[in-house]
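Visitor: Mind looking over this structure? Questions follow.
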Amino acid sequence: MSSILTNSSAMGALQTLRGINSNLSKTQDEISTGKSVSSAKDNAAVWSISKVMEADVKGFKSISDSLSLGESTVAVARQAAETVTDLMTEIKGKIVAAQEDNVDRAKIQTDIGALVDQIKSVVGAAQFNGLNLVDGSNTTVDVLASLDRQAGGAISTSSITINAQDLSTGAYAAKNVFGASTGVSANGDTAGFQLDNTTGTGTIVIDDSGAAFAAGDKVSVTIGGKTASYTVTADDVAATTTSDMVAVGLKNAIDALGITGLAVDYDSGTAGTLAFSNTGANDLTVSAQFKNAGSGGLAALSTIDVSNAAGAAAALGNIEGLIQTSIDAAAEFGSAQSRIDIQNTFVGKLSDSLKAGIGSLVDANMEEASARLQALQVQQQLGIQSLSIANQAPQSILSLFR
């Protein structure tokens, strides 16, 4: 049956053309945007996943910036620690020279003072964006290192903790701790002597009568290149004879070193007294060093005084511990900087992988889109031709009325 009200052929052709035009429009969008999924209506699930991943990429970009900032901060601190180590080595050379009697110890002491001032300058200037890791103003610093997303969608961050190193020389208060010892230095907070092989003897007296000990004060003894130390506790401070408590603790630490031929005797009848004797085959240099609680890691530099023979001997042992402090600081910062660098490289690779994953989800296949565009354009032309033919069908009805 022919009808002028209903043209089934035209409706079919129109529906086909609409589908072709819709596909053509979608293909053209893919080509213009470069994405097969550019909005939620294209594919809600894939679009949601891609947006979460894109947000993570943004987060990792911020983390990369944080790691770069942290690496620069640690690099400054490491360089400062290495410079301090070099300066400390120069100081040691001056101290060694002062062991000779036929030298001008006063001028050597002046040179040492100048080097100590330079160390203070280096430590004070070693800051990056206002953060100083070597002046004792910080204990730990966290560097944002990762963005961790759990399977359930929960997200958290993790950090790399940098341990600050105190290389400051301040907050030192002389207490004349070794004032009664053999070979004391000018302020009585360092002591030193040599134990000759077989018959050498010496005495270190720990005295708190001039200025009371505080919890956290530290007494160290370096013997033949090995160091033993004892940190004063609150119980020691509360005791009637604090100096005896410290002397016993220090004796136990020295005994634990296991130095061949060395004997350390404690006489309870003489407050805080440790008697050293050497029955071994080698000479042993002994030096004692006191450090205030809360004072800088290199505060004992202020106790170095080579203007006399006793002070020069004490300084020779003390400088070893101070050099080791700066070396340990540089090593700590070097390790932290290496870790940050590794993490920064990993974050960069992870971001690239996420970007590649996002691309595989939403990016259009341009070769396929190009071929599909050509086919749809041909289909569109054929659809228009088909609709035109279908629209001509009612014209044949007129012939029935002629």
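Going through the structure tokens in order, the chains are called A, B, and so on, while each chain numbers its residues from 1 and the ligands are numbered from 1 in the order shown.
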Skip stretch 317-332 of chain A itself and residues of its chain fewer than 4 positions away, then list as an mmCIF file with N, CA, C and O atoms, in the first residue's frame all residues within 6 Å of it, counting only C-alpha atoms.

Guide:
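File produced: out-v6.cif:
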```cif
data_model
loop_
_atom_site.group_PDB
_atom_site.id
_atom_site.type_symbol
_atom_site.label_atom_id
_atom_site.label_comp_id
_atom_site.auth_asym_id
_atom_site.auth_seq_id
_atom_site.Cartn_x
_atom_site.Cartn_y
_atom_site.Cartn_z
ATOM 1 N N ARG A 78 75.054 18.775 53.640
ATOM 2 C CA ARG A 78 76.183 17.864 53.403
ATOM 3 C C ARG A 78 77.443 18.640 53.062
ATOM 4 O O ARG A 78 78.540 18.335 53.565
ATOM 5 N N ALA A 81 78.848 20.132 56.182
ATOM 6 C CA ALA A 81 79.510 19.137 57.029
ATOM 7 C C ALA A 81 80.870 18.750 56.457
ATOM 8 O O ALA A 81 81.848 18.573 57.207
ATOM 9 N N GLU A 82 80.952 18.620 55.140
ATOM 10 C CA GLU A 82 82.234 18.276 54.520
ATOM 11 C C GLU A 82 83.243 19.410 54.688
ATOM 12 O O GLU A 82 84.437 19.168 54.926
ATOM 13 N N THR A 85 84.483 19.367 58.170
ATOM 14 C CA THR A 85 85.458 18.276 58.324
ATOM 15 C C THR A 85 86.833 18.713 57.828
ATOM 16 O O THR A 85 87.862 18.430 58.473
ATOM 17 N N MET A 88 88.261 21.079 60.356
ATOM 18 C CA MET A 88 88.681 20.342 61.554
ATOM 19 C C MET A 88 90.010 19.627 61.310
ATOM 20 O O MET A 88 90.859 19.526 62.204
ATOM 21 N N GLN A 165 71.912 17.226 62.076
ATOM 22 C CA GLN A 165 73.157 17.000 62.792
ATOM 23 C C GLN A 165 73.624 18.316 63.400
ATOM 24 O O GLN A 165 73.681 19.329 62.717
ATOM 25 N N SER A 287 92.872 11.246 76.527
ATOM 26 C CA SER A 287 92.302 12.589 76.604
ATOM 27 C C SER A 287 90.858 12.491 77.052
ATOM 28 O O SER A 287 90.132 11.573 76.667
#
```

Visitor: Which of stretch 40-163 of chain A counts as strand (DSSP E or B) under DSSP, as a PyMOL selection string please?

Guide: chain A and resi 127-128+131-132+140-149+155-163

Visitor: Find the residues around A:Ala228 up to 9 Å (only C-alpha atoms counted), leave out those fewer than 2 positions away in its own chain, and share them as a list in words.

Guide: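 These residues fall inside the cut-off: Val219, Ser220, Val221, Thr222, Ile223, Lys226, Tyr230, Leu250, Lys251, Asn252, Ala253, Ile254, Asp255, Ala256 and Leu257 of chain A.
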
Visitor: Show which residues sit within 7 Å of stretch 91-94 of chain A, as a count of residues only. Count only C-alpha atoms, and ignore same-chain residues fewer than 4 positions away.

Guide: 6

Visitor: Would you give me, as a Markdown table, each residue of stretch 290-370 of chain A having an atom within 10 Å of an atom of stretch 21-29 of chain A, along with its shortest atom pair and that distance in Å to one decimal, using only C-alpha atoms and sorting by chain and residue number?

Guide:
```
| residue | atom | partner | partner_atom | distance |
| --- | --- | --- | --- | --- |
| A:Ala364 | CA | A:Thr27 | CA | 9.3 |
| A:Met366 | CA | A:Thr27 | CA | 9.7 |
| A:Glu368 | CA | A:Thr27 | CA | 9.7 |
| A:Ala369 | CA | A:Thr27 | CA | 6.2 |
| A:Ser370 | CA | A:Thr27 | CA | 8.4 |
```

Visitor: For all heavy atoms, I'd like the residues from the last selection saved as a PDB file, in the first residue's frame.

Guide:
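In the end it all went to again.pdb:
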```pdb
ATOM      1  N   ALA A 364      42.476   8.453  21.822  1.00  0.00           N
ATOM      2  CA  ALA A 364      41.912   7.902  20.591  1.00  0.00           C
ATOM      3  C   ALA A 364      43.004   7.266  19.743  1.00  0.00           C
ATOM      4  O   ALA A 364      44.151   7.735  19.717  1.00  0.00           O
ATOM      5  CB  ALA A 364      41.230   9.008  19.797  1.00  0.00           C
ATOM      6  N   MET A 366      44.311   7.199  16.481  1.00  0.00           N
ATOM      7  CA  MET A 366      44.140   8.130  15.379  1.00  0.00           C
ATOM      8  C   MET A 366      44.113   7.432  14.026  1.00  0.00           C
ATOM      9  O   MET A 366      43.399   7.871  13.099  1.00  0.00           O
ATOM     10  CB  MET A 366      45.253   9.183  15.416  1.00  0.00           C
ATOM     11  CG  MET A 366      45.274  10.011  16.690  1.00  0.00           C
ATOM     12  SD  MET A 366      43.679  10.825  17.035  1.00  0.00           S
ATOM     13  CE  MET A 366      43.647  12.052  15.743  1.00  0.00           C
ATOM     14  N   GLU A 368      42.902   4.421  13.458  1.00  0.00           N
ATOM     15  CA  GLU A 368      41.559   3.842  13.361  1.00  0.00           C
ATOM     16  C   GLU A 368      40.516   4.928  13.147  1.00  0.00           C
ATOM     17  O   GLU A 368      39.578   4.763  12.342  1.00  0.00           O
ATOM     18  CB  GLU A 368      41.256   3.060  14.637  1.00  0.00           C
ATOM     19  CG  GLU A 368      39.878   2.402  14.656  1.00  0.00           C
ATOM     20  CD  GLU A 368      39.587   1.707  15.967  1.00  0.00           C
ATOM     21  OE1 GLU A 368      40.536   1.407  16.705  1.00  0.00           O
ATOM     22  OE2 GLU A 368      38.399   1.475  16.250  1.00  0.00           O
ATOM     23  N   ALA A 369      40.671   6.052  13.841  1.00  0.00           N
ATOM     24  CA  ALA A 369      39.704   7.139  13.693  1.00  0.00           C
ATOM     25  C   ALA A 369      39.723   7.708  12.283  1.00  0.00           C
ATOM     26  O   ALA A 369      38.674   8.057  11.711  1.00  0.00           O
ATOM     27  CB  ALA A 369      40.006   8.239  14.711  1.00  0.00           C
ATOM     28  N   SER A 370      40.911   7.789  11.683  1.00  0.00           N
ATOM     29  CA  SER A 370      41.019   8.315  10.321  1.00  0.00           C
ATOM     30  C   SER A 370      40.309   7.400   9.324  1.00  0.00           C
ATOM     31  O   SER A 370      39.547   7.870   8.453  1.00  0.00           O
ATOM     32  CB  SER A 370      42.496   8.457   9.950  1.00  0.00           C
ATOM     33  OG  SER A 370      42.649   8.840   8.606  1.00  0.00           O
TER      34      SER A 370
END
```

Visitor: Among stretch 40-219 of chain A, which ones does DSSP place in helix (DSSP H, G or I), written as a ChimeraX atom specification?

Guide: /A:44-97,105-125

Visitor: From the options A:Thr231, A:Ile20, A:Gln118, A:Ala215, which residue's atoms come nearest to A:Arg372, counting only C-alpha atoms?

Guide: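 That would be A:Ile20, the residue with the smallest distance to A:Arg372.
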
Visitor: Write out as a PyMOL selection string which residues come within 8 Å of A:Thr169 when counting only C-alpha atoms, dropping same-chain ones fewer than 4 positions away.

Guide: chain A and resi 120+295-302
